[in-house]
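model_6.csv follows (CSV, C-alpha atoms and all ligand atoms):
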```csv
chain,number,residue,atom,x,y,z
B,1,MET,CA,-5.7,-26.9,-20.1
B,2,THR,CA,-9.0,-25.1,-21.2
B,3,SER,CA,-9.8,-21.9,-19.4
B,4,SER,CA,-13.1,-23.3,-18.1
B,5,LEU,CA,-11.3,-26.4,-16.7
B,6,LYS,CA,-8.7,-24.1,-15.1
B,7,LEU,CA,-11.5,-21.9,-13.6
B,8,THR,CA,-13.3,-25.0,-12.2
B,9,MET,CA,-10.1,-26.1,-10.5
B,10,VAL,CA,-9.5,-22.6,-9.1
B,11,LEU,CA,-13.1,-22.5,-7.8
B,12,ALA,CA,-12.7,-25.9,-6.2
B,13,ALA,CA,-9.4,-24.9,-4.6
B,14,THR,CA,-10.9,-21.6,-3.4
B,15,ALA,CA,-14.0,-23.2,-2.0
B,16,ALA,CA,-11.7,-25.6,0.0
B,17,ALA,CA,-9.6,-22.7,1.1
B,18,LEU,CA,-12.6,-20.8,2.4
B,19,GLY,CA,-13.9,-23.8,4.3
B,20,ALA,CA,-17.5,-24.2,5.4
B,21,GLN,CA,-19.4,-21.1,4.6
B,22,THR,CA,-22.9,-22.4,5.4
B,23,HIS,CA,-23.6,-19.7,8.0
B,24,VAL,CA,-22.8,-17.1,5.4
B,25,LEU,CA,-25.1,-18.7,2.8
B,26,ALA,CA,-28.0,-18.6,5.3
B,27,GLN,CA,-27.8,-14.8,5.4
B,28,ASP,CA,-28.6,-12.1,2.8
B,29,LYS,CA,-26.3,-13.1,0.0
B,30,VAL,CA,-25.0,-9.6,-0.7
B,31,LEU,CA,-21.9,-7.5,0.1
B,32,ASN,CA,-21.6,-3.8,-0.5
B,33,LEU,CA,-18.0,-2.9,-1.3
B,34,TYR,CA,-16.6,0.6,-1.4
B,35,SER,CA,-13.4,0.4,-3.3
B,36,ALA,CA,-10.5,2.8,-4.1
B,37,ARG,CA,-9.0,0.1,-6.3
B,38,HIS,CA,-9.7,0.0,-10.0
B,39,TYR,CA,-8.0,-2.9,-11.6
B,40,GLN,CA,-9.4,-5.3,-14.2
B,41,THR,CA,-7.9,-8.2,-12.3
B,42,ASP,CA,-10.0,-7.4,-9.3
B,43,GLU,CA,-13.2,-8.1,-11.3
B,44,VAL,CA,-12.2,-11.8,-11.9
B,45,MET,CA,-11.4,-12.1,-8.2
B,46,TYR,CA,-14.8,-10.8,-7.2
B,47,GLU,CA,-16.6,-13.1,-9.6
B,48,THR,CA,-14.8,-16.0,-8.0
B,49,PHE,CA,-15.9,-14.9,-4.6
B,50,THR,CA,-19.5,-14.8,-5.7
B,51,LYS,CA,-19.3,-18.2,-7.4
B,52,THR,CA,-17.8,-19.9,-4.4
B,53,THR,CA,-20.0,-18.3,-1.7
B,54,GLY,CA,-23.2,-17.2,-3.5
B,55,ILE,CA,-22.6,-13.7,-2.1
B,56,LYS,CA,-23.2,-11.0,-4.7
B,57,ILE,CA,-20.9,-8.0,-4.6
B,58,ASN,CA,-22.3,-4.4,-5.2
B,59,ARG,CA,-19.4,-2.1,-5.8
B,60,VAL,CA,-19.0,1.6,-5.4
B,61,ASP,CA,-15.8,3.0,-7.0
B,62,ALA,CA,-14.3,6.3,-5.9
B,63,ASP,CA,-10.9,7.6,-4.9
B,64,ASP,CA,-9.8,7.3,-1.3
B,65,ALA,CA,-10.9,10.8,-0.3
B,66,GLY,CA,-14.2,10.3,-2.2
B,67,ILE,CA,-15.0,7.1,-0.3
B,68,VAL,CA,-14.2,8.7,3.1
B,69,ALA,CA,-16.4,11.7,2.3
B,70,ARG,CA,-19.2,9.4,1.2
B,71,LEU,CA,-19.0,7.3,4.4
B,72,ARG,CA,-19.1,10.4,6.5
B,73,ALA,CA,-22.1,11.8,4.7
B,74,GLU,CA,-24.0,8.5,4.8
B,75,GLY,CA,-23.4,8.0,8.5
B,76,ALA,CA,-25.3,5.2,10.2
B,77,ALA,CA,-27.5,4.8,7.1
B,78,SER,CA,-24.4,3.8,5.0
B,79,PRO,CA,-24.9,0.5,3.1
B,80,ALA,CA,-21.1,-0.1,3.0
B,81,ASP,CA,-19.9,-3.4,4.4
B,82,VAL,CA,-16.3,-3.5,3.3
B,83,ILE,CA,-14.0,-0.6,2.5
B,84,LEU,CA,-10.9,-0.9,0.4
B,85,LEU,CA,-8.3,1.9,0.7
B,86,VAL,CA,-4.7,2.5,-0.2
B,87,ASP,CA,-2.0,3.5,2.3
B,88,ALA,CA,-1.8,3.0,6.1
B,89,ALA,CA,-2.0,6.8,6.7
B,90,ARG,CA,-5.4,6.9,4.9
B,91,MET,CA,-6.5,3.8,6.8
B,92,ALA,CA,-5.4,5.4,10.1
B,93,SER,CA,-7.3,8.6,9.2
B,94,ALA,CA,-10.5,6.8,8.3
B,95,ASP,CA,-10.2,4.7,11.5
B,96,SER,CA,-9.7,7.8,13.7
B,97,GLN,CA,-12.9,9.2,12.2
B,98,GLY,CA,-14.8,6.1,13.4
B,99,LEU,CA,-15.6,4.7,10.0
B,100,PHE,CA,-14.5,1.1,10.7
B,101,GLN,CA,-15.4,-1.6,13.2
B,102,PRO,CA,-13.0,-4.1,14.8
B,103,ILE,CA,-13.3,-7.8,13.8
B,104,LYS,CA,-11.9,-11.0,15.2
B,105,SER,CA,-10.8,-13.6,12.7
B,106,ALA,CA,-8.4,-16.5,13.5
B,107,LYS,CA,-7.8,-16.9,9.7
B,108,LEU,CA,-6.6,-13.3,9.3
B,109,ASP,CA,-4.6,-13.5,12.5
B,110,ALA,CA,-2.8,-16.5,11.1
B,111,ALA,CA,-2.4,-15.2,7.5
B,112,ILE,CA,-1.4,-11.5,7.8
B,113,PRO,CA,1.6,-10.3,9.8
B,114,ALA,CA,0.5,-8.1,12.7
B,115,ASN,CA,2.7,-5.2,11.6
B,116,LEU,CA,0.6,-4.9,8.4
B,117,ARG,CA,-2.6,-4.3,10.4
B,118,ALA,CA,-4.0,-1.8,12.8
B,119,ASP,CA,-3.0,-2.4,16.4
B,120,ALA,CA,-5.1,-5.1,18.0
B,121,THR,CA,-7.4,-4.2,20.9
B,122,ALA,CA,-9.6,-6.4,23.1
B,123,ASP,CA,-12.4,-5.9,20.5
B,124,GLY,CA,-10.2,-7.1,17.6
B,125,VAL,CA,-8.5,-5.4,14.6
B,126,THR,CA,-10.0,-2.6,12.4
B,127,TRP,CA,-8.0,-2.5,9.2
B,128,THR,CA,-5.9,-5.2,7.5
B,129,GLY,CA,-3.3,-4.9,4.8
B,130,PHE,CA,-3.8,-7.2,1.8
B,131,SER,CA,-0.9,-6.2,-0.4
B,132,THR,CA,2.3,-4.3,0.2
B,133,ARG,CA,4.4,-1.8,-1.7
B,134,ALA,CA,7.9,-0.7,-0.8
B,135,ARG,CA,9.0,2.9,-0.7
B,136,VAL,CA,12.4,2.9,-2.5
B,137,ILE,CA,15.1,5.3,-3.6
B,138,VAL,CA,15.8,5.9,-7.3
B,139,TYR,CA,19.1,7.7,-8.2
B,140,ASP,CA,21.2,8.9,-11.1
B,141,PRO,CA,24.3,6.6,-11.2
B,142,MET,CA,26.2,9.4,-13.0
B,143,ARG,CA,25.9,11.7,-10.0
B,144,VAL,CA,25.4,9.5,-7.0
B,145,LYS,CA,27.1,6.4,-5.7
B,146,ALA,CA,24.9,3.4,-4.6
B,147,ALA,CA,26.7,3.5,-1.2
B,148,ASP,CA,25.6,7.0,-0.6
B,149,VAL,CA,21.9,6.1,-0.9
B,150,ALA,CA,21.8,2.8,0.9
B,151,THR,CA,19.6,4.1,3.7
B,152,TYR,CA,16.7,6.6,4.2
B,153,GLU,CA,19.0,8.3,6.9
B,154,GLN,CA,21.5,9.2,4.1
B,155,LEU,CA,18.9,11.3,2.4
B,156,ALA,CA,19.7,13.9,5.0
B,157,ASP,CA,23.5,13.6,4.5
B,158,PRO,CA,25.1,16.9,3.2
B,159,LYS,CA,26.7,14.7,0.4
B,160,LEU,CA,23.3,14.8,-1.3
B,161,LYS,CA,23.0,18.6,-1.1
B,162,GLY,CA,20.8,20.0,-3.9
B,163,MET,CA,19.9,16.5,-5.2
B,164,VAL,CA,16.8,15.2,-3.3
B,165,CYS,CA,13.3,15.2,-4.9
B,166,THR,CA,10.0,14.0,-3.4
B,167,ARG,CA,6.4,14.6,-3.8
B,168,SER,CA,4.6,16.7,-1.0
B,169,GLY,CA,5.8,15.8,2.5
B,170,SER,CA,2.2,15.5,3.7
B,171,HIS,CA,1.2,13.1,1.0
B,172,PRO,CA,0.1,9.8,2.8
B,173,TYR,CA,3.0,7.8,1.2
B,174,ASN,CA,5.5,10.2,2.7
B,175,LEU,CA,3.6,10.6,6.0
B,176,SER,CA,3.6,6.8,6.5
B,177,LEU,CA,7.4,6.5,5.8
B,178,PHE,CA,8.2,9.5,8.0
B,179,ALA,CA,6.1,8.1,10.8
B,180,THR,CA,8.0,4.9,10.9
B,181,VAL,CA,11.4,6.7,10.6
B,182,VAL,CA,10.5,8.9,13.5
B,183,GLU,CA,9.4,5.8,15.4
B,184,ARG,CA,12.8,4.2,14.8
B,185,LEU,CA,15.0,7.2,15.4
B,186,GLY,CA,13.1,8.9,18.1
B,187,ASP,CA,11.6,12.4,18.0
B,188,GLN,CA,14.8,14.5,18.2
B,189,LYS,CA,16.8,12.6,15.6
B,190,GLY,CA,13.7,12.0,13.5
B,191,GLU,CA,13.0,15.8,13.2
B,192,ALA,CA,16.7,16.5,12.5
B,193,TRP,CA,16.5,13.9,9.7
B,194,LEU,CA,13.5,15.7,8.2
B,195,LYS,CA,15.3,19.0,8.4
B,196,GLY,CA,18.4,17.6,6.7
B,197,LEU,CA,16.3,16.1,4.0
B,198,VAL,CA,14.5,19.4,3.3
B,199,GLY,CA,18.0,21.1,3.3
B,200,ASN,CA,19.1,18.7,0.5
B,201,MET,CA,16.2,19.3,-1.9
B,202,ALA,CA,16.8,20.1,-5.5
B,203,ARG,CA,13.5,21.8,-5.8
B,204,ASP,CA,10.2,22.4,-3.9
B,205,PRO,CA,8.2,19.2,-3.7
B,206,LYS,CA,5.8,18.8,-6.6
B,207,GLY,CA,4.1,16.1,-8.8
B,208,GLY,CA,3.6,12.4,-8.0
B,209,ASP,CA,6.1,9.6,-7.6
B,210,THR,CA,6.5,9.0,-11.4
B,211,ASP,CA,7.3,12.7,-11.8
B,212,GLN,CA,10.2,12.2,-9.4
B,213,ILE,CA,11.6,9.2,-11.3
B,214,LYS,CA,11.4,11.2,-14.5
B,215,ALA,CA,13.1,14.2,-12.9
B,216,VAL,CA,16.1,11.9,-11.9
B,217,ALA,CA,16.3,10.7,-15.5
B,218,SER,CA,16.2,14.3,-16.8
B,219,GLY,CA,19.0,15.3,-14.5
B,220,GLU,CA,16.9,17.8,-12.5
B,221,CYS,CA,17.2,15.6,-9.4
B,222,GLY,CA,19.9,13.1,-8.3
B,223,VAL,CA,17.9,11.1,-5.8
B,224,ALA,CA,14.1,10.6,-5.3
B,225,LEU,CA,11.6,8.5,-3.3
B,226,THR,CA,9.0,6.4,-5.1
B,227,ASN,CA,6.7,3.5,-4.4
B,228,THR,CA,7.8,0.3,-6.2
B,229,TYR,CA,4.7,-0.1,-8.4
B,230,TYR,CA,5.4,3.2,-10.2
B,231,VAL,CA,8.9,1.8,-11.1
B,232,ALA,CA,7.2,-1.4,-12.2
B,233,ARG,CA,4.8,0.5,-14.5
B,234,LEU,CA,7.8,2.2,-16.2
B,235,ILE,CA,9.6,-1.2,-16.5
B,236,LYS,CA,6.6,-2.8,-18.1
B,237,SER,CA,5.8,0.2,-20.4
B,238,THR,CA,6.1,-0.2,-24.1
B,239,LYS,CA,6.6,3.5,-24.7
B,240,PRO,CA,10.2,4.3,-25.8
B,241,GLU,CA,10.3,7.4,-23.5
B,242,ASP,CA,9.5,5.3,-20.4
B,243,ARG,CA,12.2,2.8,-21.4
B,244,ALA,CA,14.7,5.6,-21.8
B,245,VAL,CA,13.8,6.8,-18.2
B,246,MET,CA,14.5,3.4,-16.7
B,247,GLU,CA,17.9,3.2,-18.5
B,248,LYS,CA,19.0,6.4,-16.8
B,249,VAL,CA,18.0,5.5,-13.2
B,250,ARG,CA,18.9,2.8,-10.6
B,251,VAL,CA,16.7,1.5,-7.8
B,252,VAL,CA,17.8,0.9,-4.2
B,253,PHE,CA,15.8,-1.0,-1.5
B,254,PRO,CA,17.0,1.1,1.4
B,255,ASN,CA,18.1,-0.1,4.9
B,256,GLN,CA,18.8,-3.7,3.8
B,257,GLY,CA,21.6,-3.9,6.3
B,258,THR,CA,19.6,-2.4,9.1
B,259,SER,CA,15.9,-1.9,9.7
B,260,GLY,CA,14.6,-3.0,6.3
B,261,THR,CA,12.8,-1.1,3.5
B,262,HIS,CA,9.6,0.8,4.4
B,263,VAL,CA,6.5,-1.0,3.2
B,264,ASN,CA,3.0,0.3,3.1
B,265,ILE,CA,-0.3,-1.4,2.4
B,266,ALA,CA,-3.4,-1.5,0.4
B,267,GLY,CA,-6.0,-2.9,2.6
B,268,ALA,CA,-9.6,-3.4,3.8
B,269,ALA,CA,-11.8,-2.9,6.8
B,270,VAL,CA,-15.3,-3.7,7.8
B,271,ALA,CA,-17.5,-0.6,7.8
B,272,LYS,CA,-18.7,0.7,11.1
B,273,HIS,CA,-22.4,0.3,10.1
B,274,ALA,CA,-22.1,-2.9,8.0
B,275,LYS,CA,-25.4,-4.6,7.6
B,276,ASN,CA,-23.8,-7.8,6.2
B,277,ARG,CA,-21.1,-8.2,8.8
B,278,ASP,CA,-20.5,-12.0,8.4
B,279,ASN,CA,-20.3,-11.6,4.6
B,280,ALA,CA,-17.8,-8.8,5.2
B,281,VAL,CA,-15.6,-10.9,7.4
B,282,ALA,CA,-15.8,-13.8,4.9
B,283,PHE,CA,-14.7,-11.4,2.1
B,284,MET,CA,-11.8,-10.2,4.2
B,285,GLU,CA,-10.8,-13.8,4.8
B,286,PHE,CA,-11.1,-14.5,1.0
B,287,LEU,CA,-8.7,-11.7,0.3
B,288,ALA,CA,-6.1,-13.5,2.4
B,289,SER,CA,-6.5,-16.7,0.3
B,290,PRO,CA,-3.5,-17.5,-2.0
B,291,TYR,CA,-5.8,-17.3,-5.0
B,292,ALA,CA,-7.0,-13.7,-4.2
B,293,GLN,CA,-3.6,-12.6,-3.0
B,294,ASP,CA,-2.2,-13.3,-6.5
B,295,TYR,CA,-4.8,-11.0,-8.1
B,296,PHE,CA,-4.7,-8.4,-5.4
B,297,ALA,CA,-0.9,-8.0,-5.4
B,298,ASN,CA,-0.3,-8.4,-9.1
B,299,GLY,CA,-3.1,-6.1,-10.2
B,300,ASN,CA,-1.0,-3.2,-9.2
B,301,ASN,CA,2.5,-4.8,-9.3
B,302,GLU,CA,2.5,-5.1,-5.5
B,303,PHE,CA,3.6,-7.8,-3.1
B,304,PRO,CA,1.3,-10.3,-1.3
B,305,ALA,CA,0.7,-9.5,2.4
B,306,VAL,CA,0.2,-13.1,3.4
B,307,LYS,CA,3.2,-14.7,5.2
B,308,GLY,CA,5.1,-17.1,3.0
B,309,LEU,CA,3.6,-16.1,-0.4
B,310,LYS,CA,6.1,-15.2,-3.1
B,311,VAL,CA,5.6,-12.5,-5.7
B,312,ASP,CA,5.4,-13.7,-9.3
B,313,ASN,CA,5.9,-10.5,-11.2
B,314,ALA,CA,8.6,-9.9,-13.8
B,315,ALA,CA,8.9,-6.1,-13.2
B,316,ILE,CA,9.2,-6.6,-9.4
B,317,LYS,CA,12.0,-9.2,-10.0
B,318,ALA,CA,13.7,-6.9,-12.5
B,319,MET,CA,14.1,-4.1,-9.9
B,320,GLY,CA,15.5,-6.6,-7.4
B,321,GLY,CA,12.3,-6.8,-5.2
B,322,ASP,CA,11.6,-10.5,-5.1
B,323,ASN,CA,13.5,-11.1,-1.9
B,324,PHE,CA,14.2,-7.8,-0.1
B,325,LYS,CA,14.2,-7.3,3.7
B,326,ALA,CA,11.1,-5.4,4.7
B,327,GLU,CA,10.7,-3.1,7.7
B,328,THR,CA,8.8,-4.7,10.6
B,329,VAL,CA,7.7,-1.5,12.5
B,330,PRO,CA,4.0,-2.0,13.0
B,331,LEU,CA,2.0,0.3,10.6
B,332,GLY,CA,-0.2,1.1,13.6
B,333,VAL,CA,2.5,3.7,14.5
B,334,VAL,CA,1.4,5.7,11.5
B,335,SER,CA,-1.8,6.6,13.4
B,336,LYS,CA,0.1,7.3,16.6
B,337,ASN,CA,2.7,9.5,15.0
B,338,MET,CA,0.7,11.2,12.2
B,339,THR,CA,-0.1,14.5,14.0
B,340,LYS,CA,3.4,14.8,15.4
B,341,VAL,CA,5.1,14.2,12.0
B,342,GLN,CA,2.8,16.8,10.4
B,343,GLN,CA,4.0,19.3,13.0
B,344,MET,CA,7.6,18.3,12.4
B,345,LEU,CA,7.1,18.8,8.6
B,346,ASP,CA,5.7,22.3,9.3
B,347,ARG,CA,8.7,23.3,11.5
B,348,ALA,CA,11.1,21.8,8.9
B,349,GLY,CA,9.5,23.8,6.1
B,350,TYR,CA,8.7,20.6,4.2
B,351,LYS,CA,6.0,21.6,1.7
B,401,FE,FE,0.0,5.5,-5.8
```
Produce structure tokens that represent the structure in this file.
Amino acid sequence: MTSSLKLTMVLAATAAALGAQTHVLAQDKVLNLYSARHYQTDEVMYETFTKTTGIKINRVDADDAGIVARLRAEGAASPADVILLVDAARMASADSQGLFQPIKSAKLDAAIPANLRADATADGVTWTGFSTRARVIVYDPMRVKAADVATYEQLADPKLKGMVCTRSGSHPYNLSLFATVVERLGDQKGEAWLKGLVGNMARDPKGGDTDQIKAVASGECGVALTNTYYVARLIKSTKPEDRAVMEKVRVVFPNQGTSGTHVNIAGAAVAKHAKNRDNAVAFMEFLASPYAQDYFANGNNEFPAVKGLKVDNAAIKAMGGDNFKAETVPLGVVSKNMTKVQQMLDRAGYK
């Protein structure tokens, strides 16, 4: 099949999936997107959106903190219509600063599981997850048995004394995980768990997730926490040193027999002062189409957020992630528990 024929078929399928968009076409045909995502594959996805709807996308790229700072500085004059951020903790933080507006969309309600979105209110839902990543355990099979790292709870078990490594406790990836653990265990057991985890550390928290995986491979740590896409990058890497790292470590999707592995999101929200609101909602609905889901998830080796869609990614399959049981605690609890968890981290001495 020629690539142009393939593109034509994709466009036709996407146009059908989007349904009648005549009300959108009657407005200003523009959408101002503030994005913390920088993947080549996203470009193709945006071009398809423009071709099928006639809505031109103006994109501002920055990191998550940069986007939030810009939105705050711009205030009501902000041209932003849709905001793409990574991690529920960051979504919750931007939401609590009043940077989003709630929307009502039957298409999003049907497509995206409620636990991957902000809690619904009478006005609708603010942020929505469009891809998921799992927070998994990597371990050194020479030092640790798989059975001793089957759950997050076991990270606090004295058996793992001197072996646990993580990035900073207050990094959004950890805050989100800890918020859902505390939600499940309750405050008392949750805080005891955090203290136990800190007591098991091999070193003070430092570096990013990839640094933790490498520290397990080097023998400095026995066990570490990481998001799945960092593992996938190492699996797909052509560098011999990355391959050597992956030969030395094993990956566990925790809590398969109980609550499921913690998943987080990359997601989007309509900006509080969006001038092209209907276009913004149309774009959010487009992100939930099977076509866009493929680009959105695979661009960063993540999982689709839409119910029933399967991941098609060799690295994800290689780490055993194509069919794992995911946690169903609503990510809205991340907002609710964030301050409390940060206080628990301070008391536990988690740096
Ligand atoms: Fe990351």
How close does each residue of chain B get to ligand FE 401 (chain B), giving the shortest atom pair and distance in Å to one decimal for every residue with an atom at most 10 Å away, counting only C-alpha atoms and all ligand atoms, sorted by chain and residue number, as JSON lines?
```
{"residue": "B:Val86", "atom": "CA", "partner": "B:FE401", "partner_atom": "FE", "distance": 7.9}
{"residue": "B:Asp87", "atom": "CA", "partner": "B:FE401", "partner_atom": "FE", "distance": 8.6}
{"residue": "B:Arg133", "atom": "CA", "partner": "B:FE401", "partner_atom": "FE", "distance": 9.5}
{"residue": "B:Pro172", "atom": "CA", "partner": "B:FE401", "partner_atom": "FE", "distance": 9.6}
{"residue": "B:Tyr173", "atom": "CA", "partner": "B:FE401", "partner_atom": "FE", "distance": 8.0}
{"residue": "B:Gly208", "atom": "CA", "partner": "B:FE401", "partner_atom": "FE", "distance": 8.1}
{"residue": "B:Asp209", "atom": "CA", "partner": "B:FE401", "partner_atom": "FE", "distance": 7.6}
{"residue": "B:Thr210", "atom": "CA", "partner": "B:FE401", "partner_atom": "FE", "distance": 9.3}
{"residue": "B:Thr226", "atom": "CA", "partner": "B:FE401", "partner_atom": "FE", "distance": 9.1}
{"residue": "B:Asn227", "atom": "CA", "partner": "B:FE401", "partner_atom": "FE", "distance": 7.1}
{"residue": "B:Thr228", "atom": "CA", "partner": "B:FE401", "partner_atom": "FE", "distance": 9.4}
{"residue": "B:Tyr229", "atom": "CA", "partner": "B:FE401", "partner_atom": "FE", "distance": 7.8}
{"residue": "B:Tyr230", "atom": "CA", "partner": "B:FE401", "partner_atom": "FE", "distance": 7.3}
{"residue": "B:Ala266", "atom": "CA", "partner": "B:FE401", "partner_atom": "FE", "distance": 9.9}
{"residue": "B:Asn300", "atom": "CA", "partner": "B:FE401", "partner_atom": "FE", "distance": 9.4}
```
C-alpha atoms of the current selection, written as a PDB file, in the coordinates of the input:
```pdb
ATOM      1  CA  VAL B  86      -4.700   2.500  -0.200  1.00  0.00           C
ATOM      2  CA  ASP B  87      -2.000   3.500   2.300  1.00  0.00           C
ATOM      3  CA  ARG B 133       4.400  -1.800  -1.700  1.00  0.00           C
ATOM      4  CA  PRO B 172       0.100   9.800   2.800  1.00  0.00           C
ATOM      5  CA  TYR B 173       3.000   7.800   1.200  1.00  0.00           C
ATOM      6  CA  GLY B 208       3.600  12.400  -8.000  1.00  0.00           C
ATOM      7  CA  ASP B 209       6.100   9.600  -7.600  1.00  0.00           C
ATOM      8  CA  THR B 210       6.500   9.000 -11.400  1.00  0.00           C
ATOM      9  CA  THR B 226       9.000   6.400  -5.100  1.00  0.00           C
ATOM     10  CA  ASN B 227       6.700   3.500  -4.400  1.00  0.00           C
ATOM     11  CA  THR B 228       7.800   0.300  -6.200  1.00  0.00           C
ATOM     12  CA  TYR B 229       4.700  -0.100  -8.400  1.00  0.00           C
ATOM     13  CA  TYR B 230       5.400   3.200 -10.200  1.00  0.00           C
ATOM     14  CA  ALA B 266      -3.400  -1.500   0.400  1.00  0.00           C
ATOM     15  CA  ASN B 300      -1.000  -3.200  -9.200  1.00  0.00           C
TER      16      ASN B 300
END
```
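Checking B:Ala269, B:Ala111, B:Met163, B:Ala179 one by one against B:Gly98, counting all atoms listed in the file, you find the shortest gap at B:Ala269.
Among the candidates B:Lys248, B:Tyr291, B:Val333, B:Lys351, the residue lying nearest to B:Cys165 is B:Lys351 (atoms considered: all atoms listed in the file).
If all atoms listed in the file are the atoms counted, then among B:Ala122, B:Val334, B:Ala292, B:Ile265 the closest residue to B:Arg135 is B:Ile265.
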Would you pick out the contacts of stretch 50-64 of chain B at 6 Å or less, using all atoms listed in the file, so that residues sharing its chain but fewer than 2 positions from it are not included, and give the list as a PDB file with C-alpha atoms, keeping the file's coordinate frame?
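Final output, saved to result05.pdb:
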```pdb
ATOM      1  CA  ALA B  15     -14.000 -23.200  -2.000  1.00  0.00           C
ATOM      2  CA  LYS B  29     -26.300 -13.100   0.000  1.00  0.00           C
ATOM      3  CA  VAL B  30     -25.000  -9.600  -0.700  1.00  0.00           C
ATOM      4  CA  LEU B  31     -21.900  -7.500   0.100  1.00  0.00           C
ATOM      5  CA  ASN B  32     -21.600  -3.800  -0.500  1.00  0.00           C
ATOM      6  CA  LEU B  33     -18.000  -2.900  -1.300  1.00  0.00           C
ATOM      7  CA  TYR B  34     -16.600   0.600  -1.400  1.00  0.00           C
ATOM      8  CA  SER B  35     -13.400   0.400  -3.300  1.00  0.00           C
ATOM      9  CA  ALA B  36     -10.500   2.800  -4.100  1.00  0.00           C
ATOM     10  CA  GLU B  47     -16.600 -13.100  -9.600  1.00  0.00           C
ATOM     11  CA  THR B  48     -14.800 -16.000  -8.000  1.00  0.00           C
ATOM     12  CA  GLY B  66     -14.200  10.300  -2.200  1.00  0.00           C
ATOM     13  CA  ILE B  67     -15.000   7.100  -0.300  1.00  0.00           C
ATOM     14  CA  LEU B  85      -8.300   1.900   0.700  1.00  0.00           C
TER      15      LEU B  85
END
```
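Using all atoms listed in the file, the nearest neighbour of B:Ala106 within the list B:Gly349, B:Val125, B:Asp204, B:Ala326 is B:Val125.
Taking atom CA of B:Val311 as the reference point, atom CA of B:Leu331 is found at 21.0 Å.
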- Message: Neighbouring residues of B:Arg143 were defined as those with any atom within 12 Å, considering all atoms listed in the file; residues of the same chain fewer than 5 positions away were excluded. Please report them as a ChimeraX atom specification.
- Response: /B:138,148-149,159-164,216-217,219-223,248-250
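One distance worth recording is that between atom CA of B:Gln101 and atom CA of B:Lys272, which is 4.5 Å.
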- Task: Between atom CA of B:Ser105 and atom CA of B:Pro79, measure the distance and give it in Å to one decimal.
- Result: 22.1 Å
